[in-house]
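Asks: Before anything else, here's the structure in question.
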Amino acid sequence: MQIYRSREVGQSYITSVWTTLVALAHALWLMLRIRPQVILCNGPGTCIPLCMIAFLLKVLGIGWSSIFYVESIARVRRLSLSGLILYKLRVADKFFVQWPQLQRKYPRADYVGCLM
Amino acid sequence: MAEGGAARGRGAEAKRVVFVTVGTTCFDALVRAVDQQEVKQGLLAKGYTHLIIQMGRGTYIPTKSEGETGSLAVDYFTFSSSIADHLRSASLVISHAGSGSIFETLRLCKPLIVVVNEDLMDNHQAELAEELAERKHLYCARPQTLHQTISEMNLESLLPYQPGDATPVAKLINRFLGFPED
């Protein structure tokens, strides 16, 4: 099953506005069709439209999905952009990091050790 | 030691392969560095006999060599569907800093030198290589310092990497969803 990215690597920010809207619309359609109880993702940015739609539905009181995000093992000291967005906006119900340094920096994250 | 000819002429001497991989990236600086005489001599001095370079999307073509007496046998290719076999038959792996290559190599318990690509913007991969080097699971180098790392390395001092475990994540998710603990 394919989902759309809001922005390809290197894509201009101006055209990204349109592709992001397309990705969000597609994510909404997927959410309504599949109605997942759990969304488990690990970034990259492909997961953001889906997570934002799921979060928006929750905020509106019609949500049903738990959102779990696992930050990449390659992220040791800094979060990815996807991770930052989901952490700061408190979108994920559980935010997992694989290195202790990140847990110290982002206390609401759960440190789970290396998965690989 | 057999005179001249192909490396197979070395007869009963053990083949010790150095496998270089850049994954799907273009990392000419590493391929170039490995093609330097300094690096090749360094590898020979450490007892390696063969050098195989997986060069990915790189544009720099290294020099092939049959590996006559006193020189490394060198071969290269761009991609293969799986580098697992190459990793398994290698005595030393020199890799770009991709997490896939790194963990695939560590799980096979192969000595590893990770070379960080300084031309990449926002090089967060370097963080992973540096952290694992600090924990003594591998050596970390830059293309310009690779020959130094090779001559100074002591592979016996590397610590084996214990494979990761996804159970903690599963437990926390189950707990959040309200499933009973096993």
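We name chains A, B, ... following the order of the structure tokens; residues begin at 1 in each chain, and ligands are numbered from 1 as shown.
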Write out as a list in words all residues of chain B that DSSP puts in strand (DSSP E) for this structure's backbone.
Replies: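 Written out, the strand (DSSP E) residues of chain B are Val17, Val18, Phe19, Val20, Thr21, His50, Leu51, Ile52, Ile53, Gln54, Ala73, Val74, Asp75, Tyr76, Phe77, Leu92, Val93, Ile94, Ser95, His96, Leu112, Ile113, Val114, Val115, Tyr139, Cys140 and Ala141 of chain B.
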Asks: Take the selection from the previous step and output its residues with N, CA and C atoms, as a PDB file, in the first residue's frame.
Replies:
ATOM      1  N   VAL B  17      40.192 -11.157   3.043  1.00  0.00           N
ATOM      2  CA  VAL B  17      39.535 -10.174   2.188  1.00  0.00           C
ATOM      3  C   VAL B  17      39.104  -8.940   2.960  1.00  0.00           C
ATOM      4  N   VAL B  18      39.376  -7.793   2.359  1.00  0.00           N
ATOM      5  CA  VAL B  18      38.847  -6.541   2.892  1.00  0.00           C
ATOM      6  C   VAL B  18      37.685  -6.156   1.984  1.00  0.00           C
ATOM      7  N   PHE B  19      36.516  -5.987   2.546  1.00  0.00           N
ATOM      8  CA  PHE B  19      35.357  -5.608   1.742  1.00  0.00           C
ATOM      9  C   PHE B  19      34.985  -4.163   2.041  1.00  0.00           C
ATOM     10  N   VAL B  20      34.915  -3.362   0.975  1.00  0.00           N
ATOM     11  CA  VAL B  20      34.564  -1.945   1.121  1.00  0.00           C
ATOM     12  C   VAL B  20      33.163  -1.757   0.556  1.00  0.00           C
ATOM     13  N   THR B  21      32.279  -1.100   1.294  1.00  0.00           N
ATOM     14  CA  THR B  21      30.930  -0.884   0.787  1.00  0.00           C
ATOM     15  C   THR B  21      30.450   0.550   1.001  1.00  0.00           C
ATOM     16  N   HIS B  50      43.216  -9.572  -0.313  1.00  0.00           N
ATOM     17  CA  HIS B  50      42.267  -9.160  -1.339  1.00  0.00           C
ATOM     18  C   HIS B  50      41.489  -7.928  -0.906  1.00  0.00           C
ATOM     19  N   LEU B  51      41.171  -7.096  -1.879  1.00  0.00           N
ATOM     20  CA  LEU B  51      40.367  -5.907  -1.618  1.00  0.00           C
ATOM     21  C   LEU B  51      39.198  -5.904  -2.606  1.00  0.00           C
ATOM     22  N   ILE B  52      37.980  -5.957  -2.093  1.00  0.00           N
ATOM     23  CA  ILE B  52      36.808  -5.905  -2.972  1.00  0.00           C
ATOM     24  C   ILE B  52      36.028  -4.640  -2.647  1.00  0.00           C
ATOM     25  N   ILE B  53      35.757  -3.858  -3.681  1.00  0.00           N
ATOM     26  CA  ILE B  53      35.117  -2.561  -3.465  1.00  0.00           C
ATOM     27  C   ILE B  53      33.721  -2.559  -4.086  1.00  0.00           C
ATOM     28  N   GLN B  54      32.698  -2.370  -3.253  1.00  0.00           N
ATOM     29  CA  GLN B  54      31.345  -2.173  -3.768  1.00  0.00           C
ATOM     30  C   GLN B  54      31.166  -0.664  -3.878  1.00  0.00           C
ATOM     31  N   ALA B  73      45.218  -8.010  -4.286  1.00  0.00           N
ATOM     32  CA  ALA B  73      44.329  -8.271  -5.415  1.00  0.00           C
ATOM     33  C   ALA B  73      43.127  -7.352  -5.247  1.00  0.00           C
ATOM     34  N   VAL B  74      42.815  -6.565  -6.271  1.00  0.00           N
ATOM     35  CA  VAL B  74      41.738  -5.587  -6.143  1.00  0.00           C
ATOM     36  C   VAL B  74      40.659  -5.854  -7.179  1.00  0.00           C
ATOM     37  N   ASP B  75      39.425  -5.838  -6.746  1.00  0.00           N
ATOM     38  CA  ASP B  75      38.302  -5.959  -7.675  1.00  0.00           C
ATOM     39  C   ASP B  75      37.194  -5.032  -7.207  1.00  0.00           C
ATOM     40  N   TYR B  76      36.244  -4.721  -8.093  1.00  0.00           N
ATOM     41  CA  TYR B  76      35.164  -3.832  -7.682  1.00  0.00           C
ATOM     42  C   TYR B  76      33.877  -4.175  -8.409  1.00  0.00           C
ATOM     43  N   PHE B  77      32.760  -3.751  -7.881  1.00  0.00           N
ATOM     44  CA  PHE B  77      31.482  -3.847  -8.572  1.00  0.00           C
ATOM     45  C   PHE B  77      30.595  -2.727  -8.050  1.00  0.00           C
ATOM     46  N   LEU B  92      37.789  -8.035   7.082  1.00  0.00           N
ATOM     47  CA  LEU B  92      37.698  -6.648   7.541  1.00  0.00           C
ATOM     48  C   LEU B  92      36.701  -5.937   6.629  1.00  0.00           C
ATOM     49  N   VAL B  93      35.835  -5.140   7.210  1.00  0.00           N
ATOM     50  CA  VAL B  93      34.874  -4.391   6.409  1.00  0.00           C
ATOM     51  C   VAL B  93      35.138  -2.900   6.596  1.00  0.00           C
ATOM     52  N   ILE B  94      35.157  -2.181   5.486  1.00  0.00           N
ATOM     53  CA  ILE B  94      35.284  -0.719   5.545  1.00  0.00           C
ATOM     54  C   ILE B  94      34.006  -0.185   4.920  1.00  0.00           C
ATOM     55  N   SER B  95      33.214   0.523   5.700  1.00  0.00           N
ATOM     56  CA  SER B  95      31.884   0.878   5.211  1.00  0.00           C
ATOM     57  C   SER B  95      31.584   2.365   5.350  1.00  0.00           C
ATOM     58  N   HIS B  96      30.632   2.821   4.536  1.00  0.00           N
ATOM     59  CA  HIS B  96      30.105   4.173   4.740  1.00  0.00           C
ATOM     60  C   HIS B  96      29.269   4.114   6.015  1.00  0.00           C
ATOM     61  N   LEU B 112      35.104  -3.760  11.820  1.00  0.00           N
ATOM     62  CA  LEU B 112      34.533  -2.730  10.948  1.00  0.00           C
ATOM     63  C   LEU B 112      35.198  -1.373  11.131  1.00  0.00           C
ATOM     64  N   ILE B 113      35.531  -0.744  10.011  1.00  0.00           N
ATOM     65  CA  ILE B 113      35.958   0.655  10.032  1.00  0.00           C
ATOM     66  C   ILE B 113      34.872   1.429   9.303  1.00  0.00           C
ATOM     67  N   VAL B 114      34.258   2.370   9.976  1.00  0.00           N
ATOM     68  CA  VAL B 114      33.236   3.197   9.335  1.00  0.00           C
ATOM     69  C   VAL B 114      33.876   4.495   8.883  1.00  0.00           C
ATOM     70  N   VAL B 115      33.672   4.839   7.621  1.00  0.00           N
ATOM     71  CA  VAL B 115      34.228   6.088   7.099  1.00  0.00           C
ATOM     72  C   VAL B 115      33.078   7.050   6.864  1.00  0.00           C
ATOM     73  N   TYR B 139      35.857   1.048  14.430  1.00  0.00           N
ATOM     74  CA  TYR B 139      36.715   2.220  14.293  1.00  0.00           C
ATOM     75  C   TYR B 139      36.017   3.211  13.369  1.00  0.00           C
ATOM     76  N   CYS B 140      36.256   4.482  13.641  1.00  0.00           N
ATOM     77  CA  CYS B 140      35.640   5.529  12.836  1.00  0.00           C
ATOM     78  C   CYS B 140      36.754   6.333  12.186  1.00  0.00           C
ATOM     79  N   ALA B 141      36.607   6.647  10.900  1.00  0.00           N
ATOM     80  CA  ALA B 141      37.669   7.391  10.230  1.00  0.00           C
ATOM     81  C   ALA B 141      37.073   8.325   9.204  1.00  0.00           C
TER      82      ALA B 141
END
Asks: Enumerate as a PyMOL selection string all residues of chain A assigned to alpha helix (DSSP H) by DSSP on the backbone, naming them with the chain letters and numbers the document uses.
Replies: chain A and resi 13-34+48-59+81-88+100-105
Asks: Do me a favour and pick out the residues of chain A within 9 Å of chain B, using only C-alpha atoms, as a PDB file with C-alpha atoms, in the first residue's frame.
Replies:
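Now in selection_19.pdb:
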ATOM      1  CA  SER A  66      -3.021   5.099  19.263  1.00  0.00           C
ATOM      2  CA  PHE A  68       3.503   5.119  18.476  1.00  0.00           C
ATOM      3  CA  VAL A  70      10.100   4.889  17.133  1.00  0.00           C
ATOM      4  CA  ILE A  73      18.640   4.087  15.581  1.00  0.00           C
ATOM      5  CA  ALA A  74      20.841   6.475  13.621  1.00  0.00           C
ATOM      6  CA  ARG A  75      19.561   9.349  15.776  1.00  0.00           C
ATOM      7  CA  VAL A  76      21.881   9.417  18.797  1.00  0.00           C
ATOM      8  CA  ARG A  77      22.095  13.033  19.931  1.00  0.00           C
ATOM      9  CA  ARG A  78      19.529  14.890  17.808  1.00  0.00           C
ATOM     10  CA  SER A  80      15.015  13.811  13.122  1.00  0.00           C
ATOM     11  CA  ASP A  93       1.012   8.629  22.479  1.00  0.00           C
ATOM     12  CA  LYS A  94       4.378   6.980  23.014  1.00  0.00           C
ATOM     13  CA  PHE A  96      10.497   5.785  21.657  1.00  0.00           C
ATOM     14  CA  ASP A 110      10.802   6.374  26.372  1.00  0.00           C
ATOM     15  CA  TYR A 111      14.307   4.936  26.089  1.00  0.00           C
ATOM     16  CA  VAL A 112      14.099   1.359  24.805  1.00  0.00           C
ATOM     17  CA  GLY A 113      17.704   0.581  23.857  1.00  0.00           C
ATOM     18  CA  CYS A 114      18.883  -0.389  20.385  1.00  0.00           C
ATOM     19  CA  LEU A 115      16.376  -2.371  18.378  1.00  0.00           C
ATOM     20  CA  MET A 116      18.900  -3.628  15.794  1.00  0.00           C
TER      21      MET A 116
END
Asks: Can you tell me which residues surround stretch 158-160 of chain B at a distance of at most 6 Å, considering only C-alpha atoms, apart from same-chain residues fewer than 2 positions away, and format the answer as a ChimeraX atom specification?
Replies: /B:136-137,155-156
Asks: Within 7 Å of stretch 6-12 of chain A, counting only C-alpha atoms, which residues qualify if same-chain residues fewer than 4 places away don't, as a PyMOL selection string?
Replies: chain A and resi 16+19-20+23+46
Asks: I need the residues from that last selection saved to file as an mmCIF file, in the first residue's frame (with C-alpha atoms), if you can.
Replies:
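In the end it all went to out03.cif:
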data_model
loop_
_atom_site.group_PDB
_atom_site.id
_atom_site.type_symbol
_atom_site.label_atom_id
_atom_site.label_comp_id
_atom_site.auth_asym_id
_atom_site.auth_seq_id
_atom_site.Cartn_x
_atom_site.Cartn_y
_atom_site.Cartn_z
ATOM 1 C CA SER A 16 5.898 21.260 -0.940
ATOM 2 C CA THR A 19 2.280 17.968 -2.135
ATOM 3 C CA THR A 20 1.695 18.243 1.626
ATOM 4 C CA ALA A 23 -0.529 13.806 1.254
ATOM 5 C CA THR A 46 6.296 9.921 5.152
#
